[in-house]
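Okay, structure first, notes after.
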Amino acid sequence: MKKRILFVDDEPMVLQGLQRMLRSMRAEWEMEFVESAEAALQLLDQKPFDVIISDMRMPRMNGAELLAEVMKRYPATVRLILSGYADKDLILKCVGSTHQYLAKPCDAESLKATVARASNLEDSLRNERLKTLVCQMDRLPSIPSLYMQVVEKASRFNTSVEEIGAIIGLDIGMTAQVLKLTNSAFFGLSRQFSNAAEAVAYLGLDTIKSLVLSIHAFSQFDKAETGALKIEALWSHSLQVAGLAKRISKLEGQEPKAIEEAFTAGMLHDIGKLVLAVNLPNEYTEATHLAQSGLELPLAEHKVFGANHADVGGYLIGLWGLPVPVVEAVALHHSPSRATPPIFSPLTSVHAANVLEWERPHPANGAPPPHLDDNYLRLLGVSSRLEAWRGVLAEN
Ligand SMILES: [Fe+2]
Ligand SMILES: [Fe+2]
């Protein structure tokens with residue numbers, strides 16, 4: 001059956017542009033284009049839609065208000081915001097009402113891919129308990145404004161590495177942390193960096209962006225009470241998984257974009273643990289104890305919270321507007337078979353990297369380690385690659 005998609009934007013030119021851009025999707029999608037939130041609600045009243053994609057700034061009722069209303073009336077509709085970076089703060093206010101944030105201008109391919117994958121992902125994020133859980137939390141990691149500035153600057157034609165480095169350099173605390181990490185054994189580089197521009201030039205902008213994102217997310221909760229969760233240990237596990245996921249993707253001949261997405265997703269894959277532990281430390285400790293009695297952690301979390309850390313993490317970074325393959329890798333890293341279509345993607349690398357990283361010696365905490373999804377790897381035809389991936393791990 002055709003997916004039904006509704007586009008809302010108060011600028012007729014934008015709607016016409018979208019219409020033109022998405023003409024090739026007419027066989028798969030039934031699309032409607034309206035110029036106001038009111039018109040969108042009227043249309044939704046007449047027939048259900050699978051996905052709604054709205055602009056943020058609109059007169060009378062803005063995108064956040066519209067999507068909040070849609071969530072209330074039609075919770076099964078996937079809600080996306082397509083908007084400019086300047087509206088980011090406004091967008092982050094609609095936690096719980098928006099599934100994904102897309103930056104304008106958005107090219108046809110990424111828009112198509114995002115809508116397709118987001119509507120598939122929706123099945124796993126549809127869990128009402130997850131939404132209620134996240135909505136109760138008042139301490140959610142925010143997306144750093146530095147990240148947004150870097151993204152914005154980098155999207156401009158002709159931006160030099162020095163300019164990007166200079167923006168990062170203005171944030172002294174962040175620069176210090178980025179350099180500390182870049183100069184550490186983690187990257188295994190033979191040289192030392194003394195400023196942000198050098199690090200950007202050497203590691204590439206995408207890697208630096210992931211570092212800024214994850215350093216910020218973790219450092220916001222440096223001193224927070226996190227029950228049984230050890231933030232230091234989680235950070236070092238995340239770094240290891242990121243590095244390994246990136247190398248697995250490389251080994252499997254993935255595109256540069258997918259390689260970087262695997263790195264980003266590796267860094268953030270367990271961010272849901274942090275969010276759960278910071279907001280609900282006692283319950284998190286309870287889940288940890290359950291896991292120590294033999295239940296795998298995601299199942300234990302599900303028992304306590306009604307959702308696991310992968311669900312929570314995927315949901316959150318979906319709100320940050322990270323690319324869908326990254327959201328998918330985070331959300332499904334313990335259950336990759338739920339991804340559709342089953343293709344080799346950042347999810348595959350992160351799933352494997354996470355399990356393989358646990359094969360290394362860890363301080364025993366009594367909980368069973370995560371396991372590989374053999375069916376998934378077989379379906380993708382990569383079961384025989386495991387030994388090569390373990391080899392990558394051993395090189396570290
Ligand atoms: Fe995990
Ligand atoms: Fe993990």
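Each chain in the structure tokens gets a letter, A, B and so on, in the order shown; residues start at 1 in every chain, and ligands are counted from 1 in the order they appear.
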
Within-9 Å residues of ligand 1, basis only C-alpha atoms and all ligand atoms, as a list in words: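 Counting only what the definition allows, namely only C-alpha atoms and all ligand atoms, the set is His269, Asp270, Ile271, Gly272, Lys273, Leu297, Pro298, Asn308, His309, Ala310, Val330, His333, His334, His351, Asn354, Val355 and Pro370 of chain A.
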
Write out as a PDB file with C-alpha atoms, in the first residue's frame each polymer residue whose atoms come within 9 Å of Ile5 of chain A, counting only C-alpha atoms; drop sequence neighbours fewer than 3 positions from it.
ATOM      1  CA  TRP A  29       3.839   7.830  -1.921  1.00  0.00           C
ATOM      2  CA  GLU A  30       0.525   9.592  -2.001  1.00  0.00           C
ATOM      3  CA  MET A  31       1.494  13.191  -1.215  1.00  0.00           C
ATOM      4  CA  GLU A  32      -0.507  16.223  -0.155  1.00  0.00           C
ATOM      5  CA  PHE A  33       0.887  19.757   0.194  1.00  0.00           C
ATOM      6  CA  PHE A  49      -1.438   9.980   7.058  1.00  0.00           C
ATOM      7  CA  ASP A  50       1.650   7.860   7.705  1.00  0.00           C
ATOM      8  CA  VAL A  51       4.071  10.781   7.814  1.00  0.00           C
ATOM      9  CA  ILE A  52       3.725  14.546   8.292  1.00  0.00           C
ATOM     10  CA  ILE A  53       6.622  16.868   7.409  1.00  0.00           C
ATOM     11  CA  VAL A 115      11.102   9.553   5.141  1.00  0.00           C
TER      12      VAL A 115
END

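Take the candidates A:Gly366, A:Leu274, A:Ile164, A:Glu359 and check each one against Phe218 of chain A using only C-alpha atoms; the shortest distance goes to A:Leu274.
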
Test item: residues at most 10 Å from segment 378-391 of chain A, only C-alpha atoms, excluding those fewer than 5 positions along its chain, as a ChimeraX atom specification: /A:244-245,247-249,251-252,337,342-344,348-349,352-353,356-357,359,373,396

Would you mind exporting C-alpha atoms of the selected residues as a compact mmCIF listing (two decimals), in the first residue's frame?
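Resulting contents of again-v8.txt:
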# COMPACT_ATOMS: atom_id res chain seq x y z
CA LEU A 244 36.04 -0.53 15.94
CA ALA A 245 32.76 0.19 14.10
CA ARG A 247 37.28 0.08 11.02
CA ILE A 248 34.77 -2.70 10.36
CA SER A 249 32.91 -0.39 7.97
CA LEU A 251 37.12 -3.22 5.97
CA GLU A 252 33.75 -3.99 4.39
CA SER A 337 17.06 -7.76 12.73
CA PRO A 342 18.36 -5.64 5.92
CA ILE A 343 21.48 -4.17 4.32
CA PHE A 344 25.04 -3.71 5.51
CA THR A 348 25.81 -3.74 11.24
CA SER A 349 29.20 -2.37 12.26
CA ALA A 352 29.17 -6.23 15.87
CA ALA A 353 31.63 -3.74 17.39
CA LEU A 356 33.19 -7.78 20.08
CA GLU A 357 34.29 -5.00 22.42
CA GLU A 359 34.81 -9.92 24.39
CA ASP A 373 22.45 -11.66 16.21
CA ASN A 396 44.07 -2.19 18.96
